[in-house]
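**Q** For reference, this is entry_27.cif, and it has mmCIF, C-alpha atoms and all ligand atoms.
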data_run
loop_
_atom_site.label_atom_id
_atom_site.label_comp_id
_atom_site.auth_asym_id
_atom_site.auth_seq_id
_atom_site.Cartn_x
_atom_site.Cartn_y
_atom_site.Cartn_z
CA MET W 1 -46.77 -47.99 43.59
CA LYS W 2 -48.43 -46.27 40.64
CA THR W 3 -46.54 -44.92 37.68
CA MET W 4 -47.39 -42.61 34.82
CA LYS W 5 -45.25 -41.57 31.91
CA VAL W 6 -44.77 -37.94 30.87
CA ASN W 7 -44.35 -38.19 27.10
CA LEU W 8 -42.49 -35.19 25.80
CA ASP W 9 -41.87 -34.21 22.21
CA ARG W 10 -40.34 -36.49 19.67
CA MET W 11 -37.41 -37.75 21.71
CA ALA W 12 -38.07 -40.60 24.10
CA ALA W 13 -34.96 -39.45 25.99
CA ASN W 14 -36.91 -36.47 27.30
CA SER W 15 -39.82 -38.48 28.58
CA TYR W 16 -39.87 -39.54 32.21
CA THR W 17 -41.89 -41.47 34.74
CA ILE W 18 -43.73 -40.16 37.80
CA HIS W 19 -43.80 -42.76 40.60
CA ILE W 20 -46.44 -42.34 43.32
CA GLY W 21 -46.72 -44.44 46.48
CA ASP W 22 -46.39 -44.68 50.23
CA GLY W 23 -42.88 -45.53 51.44
CA ILE W 24 -41.17 -45.80 48.05
CA MET W 25 -37.66 -44.53 48.84
CA ASP W 26 -36.10 -48.01 48.82
CA ARG W 27 -37.70 -48.69 45.47
CA MET W 28 -36.43 -45.36 44.17
CA GLY W 29 -32.90 -46.57 44.99
CA LEU W 30 -33.39 -49.77 43.00
CA ILE W 31 -34.97 -47.95 40.06
CA LEU W 32 -32.15 -45.39 39.91
CA ALA W 33 -29.53 -48.12 40.22
CA ARG W 34 -31.07 -49.90 37.24
CA SER W 35 -31.62 -46.72 35.23
CA GLY W 36 -28.05 -45.73 34.46
CA VAL W 37 -29.05 -42.05 34.82
CA ALA W 38 -25.78 -41.27 36.58
CA GLN W 39 -22.69 -42.75 38.20
CA ARG W 40 -23.20 -40.78 41.40
CA TYR W 41 -25.87 -38.67 43.06
CA VAL W 42 -25.92 -35.50 45.15
CA ILE W 43 -29.05 -34.91 47.23
CA VAL W 44 -29.87 -31.21 47.55
CA THR W 45 -32.34 -30.46 50.34
CA ASP W 46 -33.12 -27.79 52.95
CA ASP W 47 -32.25 -27.90 56.64
CA HIS W 48 -35.83 -28.74 57.77
CA VAL W 49 -36.28 -31.60 55.34
CA ASP W 50 -32.72 -32.74 55.96
CA ALA W 51 -33.37 -33.08 59.69
CA LEU W 52 -36.59 -35.04 59.06
CA HIS W 53 -35.70 -37.19 56.06
CA GLY W 54 -32.22 -36.50 54.63
CA GLY W 55 -30.32 -39.33 56.32
CA ARG W 56 -33.07 -41.86 55.60
CA VAL W 57 -33.26 -41.01 51.89
CA GLN W 58 -29.48 -41.10 51.54
CA ALA W 59 -29.38 -44.49 53.29
CA ALA W 60 -32.10 -45.82 50.94
CA LEU W 61 -30.03 -44.85 47.91
CA GLU W 62 -26.82 -46.23 49.40
CA LYS W 63 -28.58 -49.51 50.11
CA ALA W 64 -28.94 -49.81 46.33
CA ASP W 65 -25.13 -49.38 46.04
CA LEU W 66 -25.33 -45.82 44.73
CA ILE W 67 -22.65 -43.27 45.58
CA VAL W 68 -24.44 -40.42 47.34
CA ASP W 69 -23.55 -37.05 48.89
CA ARG W 70 -25.89 -34.57 50.52
CA ILE W 71 -26.01 -30.77 50.66
CA ALA W 72 -28.55 -28.72 52.63
CA VAL W 73 -29.48 -25.08 52.02
CA ALA W 74 -31.42 -22.76 54.35
CA PRO W 75 -35.19 -23.33 54.24
CA GLY W 76 -37.53 -20.79 52.69
CA GLU W 77 -38.01 -18.73 49.56
CA ALA W 78 -34.85 -16.68 50.29
CA ALA W 79 -32.79 -19.70 49.18
CA LYS W 80 -34.08 -19.25 45.61
CA ASP W 81 -31.29 -16.80 45.02
CA ILE W 82 -28.37 -16.63 42.62
CA ARG W 83 -25.95 -16.59 45.58
CA THR W 84 -27.25 -19.99 46.67
CA VAL W 85 -26.76 -21.18 43.10
CA LEU W 86 -23.09 -20.13 43.22
CA ALA W 87 -22.60 -21.67 46.66
CA LEU W 88 -24.12 -24.94 45.45
CA ALA W 89 -21.96 -24.96 42.32
CA GLU W 90 -18.88 -24.49 44.45
CA LYS W 91 -19.90 -27.29 46.81
CA LEU W 92 -20.54 -29.54 43.81
CA THR W 93 -17.12 -28.88 42.34
CA GLY W 94 -15.64 -29.45 45.82
CA LEU W 95 -17.31 -32.87 45.89
CA GLY W 96 -15.90 -33.62 42.45
CA ALA W 97 -19.36 -33.71 40.82
CA ASP W 98 -19.04 -34.02 37.06
CA ARG W 99 -21.25 -34.63 34.05
CA HIS W 100 -21.91 -38.18 35.21
CA THR W 101 -23.47 -36.88 38.43
CA ALA W 102 -27.21 -36.35 38.93
CA LEU W 103 -28.83 -34.08 41.50
CA VAL W 104 -31.72 -35.29 43.65
CA ALA W 105 -34.02 -32.41 44.67
CA LEU W 106 -35.39 -33.52 48.06
CA GLY W 107 -37.80 -30.89 49.37
CA GLY W 108 -40.60 -28.49 48.57
CA GLY W 109 -40.95 -26.24 45.56
CA VAL W 110 -38.07 -24.04 46.67
CA VAL W 111 -35.57 -26.90 46.66
CA GLY W 112 -37.11 -28.28 43.45
CA ASP W 113 -36.85 -25.00 41.54
CA LEU W 114 -33.38 -24.19 42.85
CA THR W 115 -31.93 -27.66 42.29
CA GLY W 116 -33.51 -27.93 38.85
CA PHE W 117 -31.96 -24.59 37.94
CA VAL W 118 -28.50 -25.60 39.15
CA ALA W 119 -28.78 -28.94 37.33
CA SER W 120 -29.73 -27.15 34.12
CA ILE W 121 -26.58 -25.03 34.07
CA TYR W 122 -23.94 -26.97 36.01
CA MET W 123 -21.39 -28.17 33.44
CA ARG W 124 -23.95 -27.17 30.78
CA GLY W 125 -26.58 -29.43 32.25
CA ILE W 126 -26.73 -32.57 34.35
CA PRO W 127 -29.75 -34.75 35.20
CA VAL W 128 -32.10 -33.95 38.07
CA ILE W 129 -34.45 -36.30 39.90
CA GLN W 130 -37.35 -34.62 41.69
CA VAL W 131 -38.34 -36.00 45.11
CA PRO W 132 -41.03 -33.55 46.27
CA THR W 133 -41.85 -33.46 49.98
CA THR W 134 -44.65 -30.85 50.21
CA LEU W 135 -48.11 -31.42 48.77
CA LEU W 136 -47.63 -28.36 46.56
CA ALA W 137 -44.43 -29.78 45.10
CA GLN W 138 -46.01 -33.24 44.70
CA VAL W 139 -48.99 -31.98 42.71
CA ASP W 140 -47.43 -29.06 40.92
CA SER W 141 -43.84 -27.84 40.95
CA SER W 142 -42.00 -31.18 40.56
CA ILE W 143 -43.66 -31.88 37.22
CA GLY W 144 -43.19 -29.85 34.08
CA GLY W 145 -39.54 -28.85 34.18
CA LYS W 146 -39.83 -25.19 35.17
CA THR W 147 -36.85 -24.15 37.29
CA GLY W 148 -35.76 -20.80 38.59
CA VAL W 149 -34.55 -18.38 41.21
CA ASP W 150 -35.80 -14.95 42.27
CA ILE W 151 -34.21 -11.54 41.73
CA ALA W 152 -35.10 -8.19 43.31
CA ALA W 153 -37.42 -7.32 40.42
CA GLY W 154 -39.56 -10.41 40.92
CA LYS W 155 -40.00 -14.12 41.54
CA ASN W 156 -38.69 -16.73 39.10
CA LEU W 157 -37.21 -14.14 36.76
CA LEU W 158 -34.08 -16.23 36.17
CA GLY W 159 -34.95 -19.70 35.08
CA THR W 160 -34.84 -22.52 32.58
CA PHE W 161 -36.90 -25.45 31.41
CA HIS W 162 -35.11 -28.60 32.55
CA GLN W 163 -37.25 -31.71 32.68
CA PRO W 164 -36.38 -34.19 35.45
CA LYS W 165 -35.25 -37.73 34.63
CA GLY W 166 -37.81 -39.03 37.10
CA VAL W 167 -40.22 -37.88 39.81
CA PHE W 168 -40.71 -39.92 43.00
CA ILE W 169 -43.72 -38.86 45.06
CA ASP W 170 -43.74 -40.48 48.49
CA ILE W 171 -46.90 -39.79 50.50
CA ASP W 172 -44.99 -40.75 53.64
CA PHE W 173 -43.27 -37.31 53.54
CA LEU W 174 -46.62 -35.59 54.07
CA ARG W 175 -47.13 -37.10 57.56
CA MET W 176 -45.02 -34.42 59.20
CA LEU W 177 -46.00 -31.58 56.88
CA PRO W 178 -47.46 -28.61 58.82
CA GLU W 179 -51.18 -27.86 58.27
CA ALA W 180 -50.49 -24.54 56.56
CA GLN W 181 -48.28 -26.29 54.00
CA LEU W 182 -50.92 -28.95 53.41
CA ARG W 183 -53.49 -26.22 52.70
CA ASN W 184 -51.08 -24.55 50.26
CA GLY W 185 -51.01 -27.76 48.26
CA LEU W 186 -54.77 -28.24 48.55
CA ALA W 187 -55.26 -24.85 46.85
CA GLU W 188 -53.48 -26.24 43.76
CA VAL W 189 -55.44 -29.49 44.00
CA ILE W 190 -58.72 -27.53 44.09
CA LYS W 191 -57.48 -25.58 41.07
CA CYS W 192 -56.95 -28.83 39.15
CA ALA W 193 -60.40 -30.04 40.19
CA VAL W 194 -62.08 -26.80 39.11
CA ILE W 195 -60.40 -26.64 35.70
CA GLU W 196 -60.44 -30.32 34.79
CA SER W 197 -62.12 -32.71 37.19
CA PRO W 198 -65.47 -32.11 38.89
CA GLU W 199 -65.15 -35.69 40.32
CA LEU W 200 -61.99 -34.62 42.15
CA LEU W 201 -64.01 -31.73 43.60
CA ASP W 202 -66.57 -34.25 44.96
CA ASP W 203 -63.71 -36.20 46.53
CA ILE W 204 -62.25 -33.10 48.24
CA GLU W 205 -65.68 -32.03 49.53
CA ASP W 206 -66.28 -35.52 50.98
CA ALA W 207 -62.85 -35.70 52.63
CA ALA W 208 -63.19 -32.19 54.10
CA ALA W 209 -66.66 -33.03 55.49
CA LYS W 210 -65.31 -36.23 57.12
CA GLY W 211 -62.09 -34.65 58.41
CA GLY W 212 -60.15 -37.00 56.12
CA LEU W 213 -57.87 -34.57 54.29
CA ARG W 214 -54.76 -36.33 55.64
CA GLU W 215 -55.84 -39.87 54.88
CA THR W 216 -53.34 -41.76 52.76
CA ALA W 217 -55.87 -43.18 50.30
CA PHE W 218 -57.37 -39.72 49.72
CA LEU W 219 -53.95 -38.11 49.28
CA GLU W 220 -52.85 -40.81 46.87
CA ARG W 221 -56.01 -40.29 44.79
CA VAL W 222 -55.78 -36.50 44.63
CA ILE W 223 -52.04 -36.54 43.92
CA THR W 224 -52.53 -39.07 41.12
CA THR W 225 -55.35 -37.05 39.54
CA ALA W 226 -53.57 -33.71 39.89
CA CYS W 227 -50.35 -35.18 38.42
CA ARG W 228 -52.28 -36.66 35.52
CA ILE W 229 -53.92 -33.30 34.78
CA LYS W 230 -50.64 -31.42 34.97
CA LYS W 231 -48.68 -33.96 32.92
CA GLU W 232 -51.29 -34.02 30.18
CA LEU W 233 -51.11 -30.23 29.88
CA VAL W 234 -47.30 -30.32 29.94
CA GLU W 235 -47.28 -32.95 27.20
CA ILE W 236 -49.38 -30.72 24.96
CA ASP W 237 -47.60 -27.47 25.82
CA GLU W 238 -44.18 -28.14 27.34
CA ARG W 239 -43.02 -24.51 27.15
CA ASP W 240 -46.15 -22.87 28.60
CA ARG W 241 -47.13 -20.95 25.50
CA GLY W 242 -50.73 -22.04 25.11
CA LEU W 243 -52.99 -24.55 26.84
CA ARG W 244 -50.72 -24.99 29.86
CA ARG W 245 -51.75 -21.47 30.83
CA ILE W 246 -55.05 -22.74 32.16
CA LEU W 247 -52.99 -24.01 35.12
CA ASN W 248 -52.73 -20.33 36.03
CA PHE W 249 -56.40 -20.32 37.02
CA GLY W 250 -56.62 -18.16 40.17
CA HIS W 251 -53.02 -17.01 39.81
CA THR W 252 -53.52 -13.62 38.09
CA LEU W 253 -55.30 -11.97 41.00
CA GLY W 254 -53.63 -14.45 43.36
CA HIS W 255 -50.15 -13.10 42.58
CA ALA W 256 -51.44 -9.54 42.90
CA VAL W 257 -52.92 -10.04 46.41
CA GLU W 258 -49.87 -12.07 47.48
CA ALA W 259 -47.55 -9.21 46.49
CA ALA W 260 -49.92 -6.50 47.82
CA SER W 261 -49.93 -8.27 51.22
CA GLY W 262 -46.12 -8.10 51.27
CA TYR W 263 -46.20 -11.93 51.15
CA ALA W 264 -48.10 -12.08 54.47
CA LEU W 265 -50.65 -14.16 52.57
CA SER W 266 -49.20 -17.53 51.57
CA HIS W 267 -49.20 -18.65 47.95
CA GLY W 268 -52.02 -21.13 48.60
CA GLU W 269 -54.16 -18.54 50.39
CA SER W 270 -53.58 -16.08 47.56
CA VAL W 271 -54.45 -18.62 44.88
CA ALA W 272 -57.62 -19.51 46.82
CA ILE W 273 -58.66 -15.83 46.81
CA GLY W 274 -57.68 -15.58 43.14
CA MET W 275 -59.86 -18.58 42.26
CA VAL W 276 -62.84 -17.03 44.07
CA ALA W 277 -62.22 -13.77 42.17
CA SER W 278 -61.95 -15.55 38.79
CA ALA W 279 -65.16 -17.43 39.52
CA ALA W 280 -66.91 -14.18 40.53
CA ILE W 281 -65.70 -12.43 37.36
CA SER W 282 -66.82 -15.43 35.27
CA GLU W 283 -70.27 -15.20 36.88
CA ARG W 284 -70.42 -11.41 36.50
CA MET W 285 -69.60 -11.74 32.79
CA HIS W 286 -72.44 -14.28 32.42
CA TYR W 287 -70.24 -17.27 31.71
CA LEU W 288 -70.47 -19.23 34.97
CA PRO W 289 -73.67 -20.33 36.72
CA THR W 290 -74.06 -18.92 40.26
CA GLU W 291 -74.23 -22.40 41.82
CA ASP W 292 -70.79 -23.28 40.37
CA ARG W 293 -69.31 -20.07 41.81
CA LYS W 294 -70.84 -20.84 45.21
CA ARG W 295 -69.50 -24.40 45.11
CA ILE W 296 -65.96 -23.16 44.45
CA GLU W 297 -66.20 -20.77 47.41
CA SER W 298 -67.60 -23.45 49.66
CA VAL W 299 -64.87 -26.05 48.94
CA ILE W 300 -62.21 -23.40 49.51
CA ARG W 301 -63.74 -22.57 52.92
CA ALA W 302 -64.16 -26.27 53.73
CA VAL W 303 -60.40 -26.94 53.54
CA GLY W 304 -59.64 -23.86 55.66
CA LEU W 305 -58.49 -21.49 52.90
CA PRO W 306 -59.71 -17.87 52.70
CA ASP W 307 -62.47 -16.94 50.26
CA ARG W 308 -62.34 -13.19 50.87
CA ILE W 309 -59.68 -10.50 50.34
CA PRO W 310 -58.44 -9.13 53.69
CA GLY W 311 -60.05 -5.70 54.27
CA LYS W 312 -56.70 -4.07 54.99
CA LEU W 313 -55.38 -4.62 51.45
CA ALA W 314 -55.95 -1.46 49.41
CA PRO W 315 -57.80 -2.19 46.15
CA GLY W 316 -55.57 0.39 44.40
CA GLU W 317 -52.47 -1.57 45.45
CA ILE W 318 -53.94 -4.82 44.12
CA MET W 319 -54.87 -3.09 40.84
CA SER W 320 -51.38 -1.68 40.40
CA ARG W 321 -49.86 -5.14 41.00
CA LEU W 322 -52.19 -6.49 38.33
CA ALA W 323 -51.14 -3.70 35.99
CA SER W 324 -47.47 -4.53 36.41
CA ASP W 325 -48.29 -8.12 35.41
CA LYS W 326 -50.15 -6.68 32.45
CA LYS W 327 -46.99 -5.00 31.18
CA LYS W 328 -45.37 -8.40 30.88
CA GLU W 329 -48.06 -9.57 28.50
CA GLY W 330 -48.74 -6.45 26.44
CA GLU W 331 -51.82 -4.39 27.17
CA THR W 332 -54.28 -6.98 28.39
CA ILE W 333 -54.77 -8.74 31.71
CA HIS W 334 -55.09 -12.43 31.00
CA PHE W 335 -57.60 -14.02 33.31
CA ILE W 336 -58.42 -17.69 33.17
CA LEU W 337 -62.20 -17.75 33.43
CA LEU W 338 -64.74 -20.56 33.58
CA LYS W 339 -67.73 -21.43 31.45
CA LYS W 340 -68.60 -24.15 33.95
CA LEU W 341 -66.76 -26.46 36.32
CA GLY W 342 -64.18 -28.30 34.19
CA LEU W 343 -64.35 -25.80 31.34
CA PRO W 344 -61.78 -22.99 31.65
CA PHE W 345 -60.72 -20.56 28.95
CA VAL W 346 -58.19 -17.73 28.59
CA ASN W 347 -59.83 -14.33 28.52
CA GLY W 348 -57.73 -11.31 27.62
CA GLY W 349 -60.41 -8.69 27.88
CA VAL W 350 -61.87 -8.37 31.38
CA PRO W 351 -62.85 -4.69 31.75
CA GLU W 352 -60.94 -2.95 34.54
CA GLY W 353 -64.22 -1.80 36.13
CA ILE W 354 -65.34 -5.39 36.65
CA VAL W 355 -62.01 -6.31 38.24
CA ARG W 356 -62.25 -3.34 40.65
CA GLU W 357 -65.86 -4.08 41.50
CA THR W 358 -65.01 -7.76 42.16
CA ILE W 359 -62.14 -6.80 44.47
CA LYS W 360 -64.46 -4.50 46.46
CA ARG W 361 -67.21 -7.13 46.66
CA LEU W 362 -64.74 -9.71 47.93
CA GLN W 363 -63.63 -7.36 50.70
CA ARG W 364 -67.08 -7.00 52.20
N1 LIG J 1 -41.65 -24.96 39.05
C1 LIG J 1 -42.94 -24.83 39.11
O1 LIG J 1 -43.66 -25.20 38.18
C2 LIG J 1 -43.57 -24.26 40.34
C3 LIG J 1 -44.95 -24.35 40.53
C4 LIG J 1 -45.50 -23.86 41.72
C5 LIG J 1 -44.67 -23.32 42.69
N2 LIG J 1 -43.32 -23.25 42.48
C6 LIG J 1 -42.43 -22.69 43.49
O2 LIG J 1 -42.52 -23.51 44.66
C7 LIG J 1 -42.11 -22.73 45.78
C8 LIG J 1 -43.01 -23.04 46.94
O3 LIG J 1 -42.91 -24.39 47.26
P1 LIG J 1 -43.43 -24.98 48.65
O4 LIG J 1 -44.76 -24.43 48.94
O5 LIG J 1 -43.24 -26.44 48.61
O6 LIG J 1 -42.47 -24.27 49.71
P2 LIG J 1 -41.06 -24.68 50.36
O7 LIG J 1 -40.24 -25.45 49.45
O8 LIG J 1 -40.51 -23.42 50.93
O9 LIG J 1 -41.50 -25.61 51.58
C9 LIG J 1 -42.30 -25.07 52.60
C10 LIG J 1 -41.74 -25.40 53.99
O10 LIG J 1 -42.05 -26.76 54.28
C11 LIG J 1 -40.87 -27.43 54.74
N3 LIG J 1 -41.03 -28.83 54.35
C12 LIG J 1 -40.85 -29.35 53.10
N4 LIG J 1 -41.19 -30.64 53.10
C13 LIG J 1 -41.56 -30.96 54.37
C14 LIG J 1 -42.02 -32.15 55.00
N5 LIG J 1 -42.20 -33.28 54.29
N6 LIG J 1 -42.33 -32.12 56.31
C15 LIG J 1 -42.20 -30.96 57.03
N7 LIG J 1 -41.77 -29.80 56.48
C16 LIG J 1 -41.46 -29.80 55.16
C17 LIG J 1 -39.73 -26.70 54.07
O11 LIG J 1 -38.53 -26.86 54.78
C18 LIG J 1 -40.23 -25.26 54.12
O12 LIG J 1 -39.95 -24.69 55.37
C19 LIG J 1 -42.12 -21.28 45.33
O13 LIG J 1 -40.81 -20.82 45.23
C20 LIG J 1 -42.80 -21.31 43.96
O14 LIG J 1 -42.31 -20.31 43.10
C21 LIG J 1 -42.77 -23.72 41.33
#
Let's see the structure in the file written out as structure tokens.
**A**
Amino acid sequence: MKTMKVNLDRMAANSYTIHIGDGIMDRMGLILARSGVAQRYVIVTDDHVDALHGGRVQAALEKADLIVDRIAVAPGEAAKDIRTVLALAEKLTGLGADRHTALVALGGGVVGDLTGFVASIYMRGIPVIQVPTTLLAQVDSSIGGKTGVDIAAGKNLLGTFHQPKGVFIDIDFLRMLPEAQLRNGLAEVIKCAVIESPELLDDIEDAAAKGGLRETAFLERVITTACRIKKELVEIDERDRGLRRILNFGHTLGHAVEAASGYALSHGESVAIGMVASAAISERMHYLPTEDRKRIESVIRAVGLPDRIPGKLAPGEIMSRLASDKKKEGETIHFILLKKLGLPFVNGGVPEGIVRETIKRLQR
């Protein structure tokens, strides 16, 4: 098992360890038992993950003499809702959970965000342990402390920063993860490679060419690298006010096409399209060499993600979604662009004409 420490601000109490390995649930039990994080634990999961892994994870914690309960919510983004928060709070009080209780978020990003949010406000804040079970959650959402639920006006509009007390990434969970979910996570891994690690890009290209995207050694390597990249950015910019924004590479246009498709495009597919668009804009503005743009498109295709905007999405609709994002940040659309592979920067001044032209070119 590998470990890496996320060192946050001045107070060691806020720092935490990310554990990465294959079949580490028993060890998680022992580590939590030794840690003194809490006197009892409540696992929060969703019905899918519960059926596959819930009993096994609870048994692993109980084997370490921990007191453990388990609650499952419905699977899917709809669970990131304030009504689920209230229902969970009521279940927690029913179980007698108090300030000496910690929550264990066992699931994908939905369970992680929801459970982190509940933990941040239940009795003014109790600890949360993140146990991510999708590749996306293992490389992205479980690290960094962002929590939240959705409201009608938009995703993640109610939320907090609540850093976990530990993150346990078990590659074993990925064995039964559907292909589409694996690709969603690979989009974020490719993002990390493009912004920070050309070597990781080589590794993904090799694995895709050999059909080895599910191999344990490959997954362990990419998860470790992606976690290192994310944790280093979180250490520098815990509250997402500066450098951490480069993690949004591909997300500006990505969010716009995701919303314009009525969420028919998955998050990973949308981010893939957004990365291709950012690379094309970077090339068009004479920052990025053509061969780097082509390489980004080719690795996205190689893992089975889309590199073109579906023809049926109206460019005007995508532009208006971008404009509504723009309102949130004043008058400029912030794109993360590239000077070369591994060298991103925040650009606030992409002319609207170039964005429109790029959207049209990517629909051909
Ligand atoms: N907090 C952050 O920093 C951050 C970052 C990125 C994304 N997010 C959030 O993450 C969410 C998306 O997360 P996601 O893509 O993991 O989706 P998800 O949590 O909905 O999981 C996807 C599906 O996979 C199933 N599943 C989970 N683990 C499984 C396993 N091991 N085997 C088989 N099936 C499994 C789930 O039941 C669900 O049906 C979004 O709500 C997004 O806003 C948060």
**Q** Please report, as a Markdown table, each residue of chain W lying at most 6 Å from ligand LIG 1 (chain J), together with the nearest pair of atoms and the separation in Å rounded to one decimal; use all atoms listed in the file, and order rows by chain and ascending residue number.
**A**
| residue | atom | partner | partner_atom | distance |
| --- | --- | --- | --- | --- |
| W:Asp46 | CA | J:LIG1 | O11 | 5.8 |
| W:His48 | CA | J:LIG1 | O11 | 4.4 |
| W:Val49 | CA | J:LIG1 | O11 | 5.3 |
| W:Pro75 | CA | J:LIG1 | O11 | 4.9 |
| W:Gly76 | CA | J:LIG1 | O8 | 4.3 |
| W:Glu77 | CA | J:LIG1 | O8 | 5.5 |
| W:Gly107 | CA | J:LIG1 | N4 | 5.0 |
| W:Gly108 | CA | J:LIG1 | O7 | 3.2 |
| W:Gly109 | CA | J:LIG1 | O3 | 3.2 |
| W:Val110 | CA | J:LIG1 | O7 | 3.8 |
| W:Val111 | CA | J:LIG1 | O7 | 5.6 |
| W:Asp113 | CA | J:LIG1 | N1 | 5.4 |
| W:Thr133 | CA | J:LIG1 | N4 | 4.3 |
| W:Thr134 | CA | J:LIG1 | N4 | 4.5 |
| W:Leu136 | CA | J:LIG1 | O5 | 5.2 |
| W:Ala137 | CA | J:LIG1 | O5 | 5.0 |
| W:Asp140 | CA | J:LIG1 | C3 | 5.3 |
| W:Ser141 | CA | J:LIG1 | C1 | 3.6 |
| W:Lys146 | CA | J:LIG1 | N1 | 4.3 |
| W:Thr147 | CA | J:LIG1 | N1 | 5.2 |
| W:Phe173 | CA | J:LIG1 | N5 | 4.2 |
| W:Leu174 | CA | J:LIG1 | N5 | 5.0 |
| W:Met176 | CA | J:LIG1 | N6 | 4.6 |
| W:Leu177 | CA | J:LIG1 | N6 | 3.8 |
**Q** Env of W:Lys165: 7 Å cut, atoms = all atoms listed in the file, seq-sep filter 3 positions within chain, self excluded. Answer as a list of chain:residue names.
**A**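 Skipping anything fewer than 3 positions along the chain leaves W:Tyr16, W:Pro127, W:Val128, W:Ile129.
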**Q** List every residue of stretch 155-197 of chain W that has an atom at most 9 Å from any atom of stretch 298-315 of chain W, giving for each one its closest atom pair and the distance in Å to one decimal, counting only C-alpha atoms, sorted by chain and then by ascending residue number, as a tab-separated table.
**A**
residue	atom	partner	partner_atom	distance
W:Arg183	CA	W:Leu305	CA	6.9
W:Asn184	CA	W:Leu305	CA	8.4
W:Leu186	CA	W:Val303	CA	7.6
W:Ala187	CA	W:Ile300	CA	7.6
W:Ile190	CA	W:Ile300	CA	7.7
**Q** Taking all atoms of stretch 146-164 of chain W that appear in the file, build a box with edges along x, y and z, extend it by 3 Å on every side, and state its centre and edge lengths in Å to one decimal, as AutoDock Vina command-line options.
**A**
--center_x -37.0 --center_y -20.8 --center_z 37.4 --size_x 11.9 --size_y 32.9 --size_z 17.9
**Q** In Å, rounded to a single decimal, give me how far atom CA of W:Pro344 is from atom CA of W:Phe168.
**A** 29.3 Å
**Q** Report the distance between atom CA of W:Glu188 and atom CA of W:Leu247 in Å, rounded to one decimal place.
**A** 8.9 Å
**Q** Atom CA of W:Val68 and atom CA of W:Ala119 are how many Å apart?
**A**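 Separation between atom CA of W:Val68 and atom CA of W:Ala119: 15.8 Å.
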**Q** Between W:Ile143, W:Ile236, W:Ile71, W:Ile171, which has the minimum distance to W:Met1 (counting only C-alpha atoms)?
**A**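 Answer, going by the shortest atom-to-atom distance: W:Ile171.
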**Q** So which one's closest to W:Tyr263, W:Gln363, W:Lys155, W:Met4, W:Val194? Using all atoms listed in the file, please.
**A**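 Among the listed residues, W:Lys155 lies closest to W:Tyr263.
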**Q** List as a ChimeraX atom specification the protein and nucleic acid residues near stretch 280-284 of chain W, meaning an atom at most 12 Å away when all atoms listed in the file are counted, but skip any in the same chain fewer than 4 places from it.
**A** /W:249-250,253,273-276,288-297,307-308,335-341,343-347,349-362
**Q** Could you tell me which of W:Thr84, W:Thr160, W:Gln130, W:Asn14 comes closest to W:Phe117 if we count all atoms listed in the file?
**A**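 For W:Phe117, the nearest of the given residues is W:Thr160.
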**Q** Have a look at W:Leu200, W:Ile82, W:Ala89, W:Ala209 and name the one nearest to W:Ala152; count all atoms listed in the file.
**A** W:Ile82
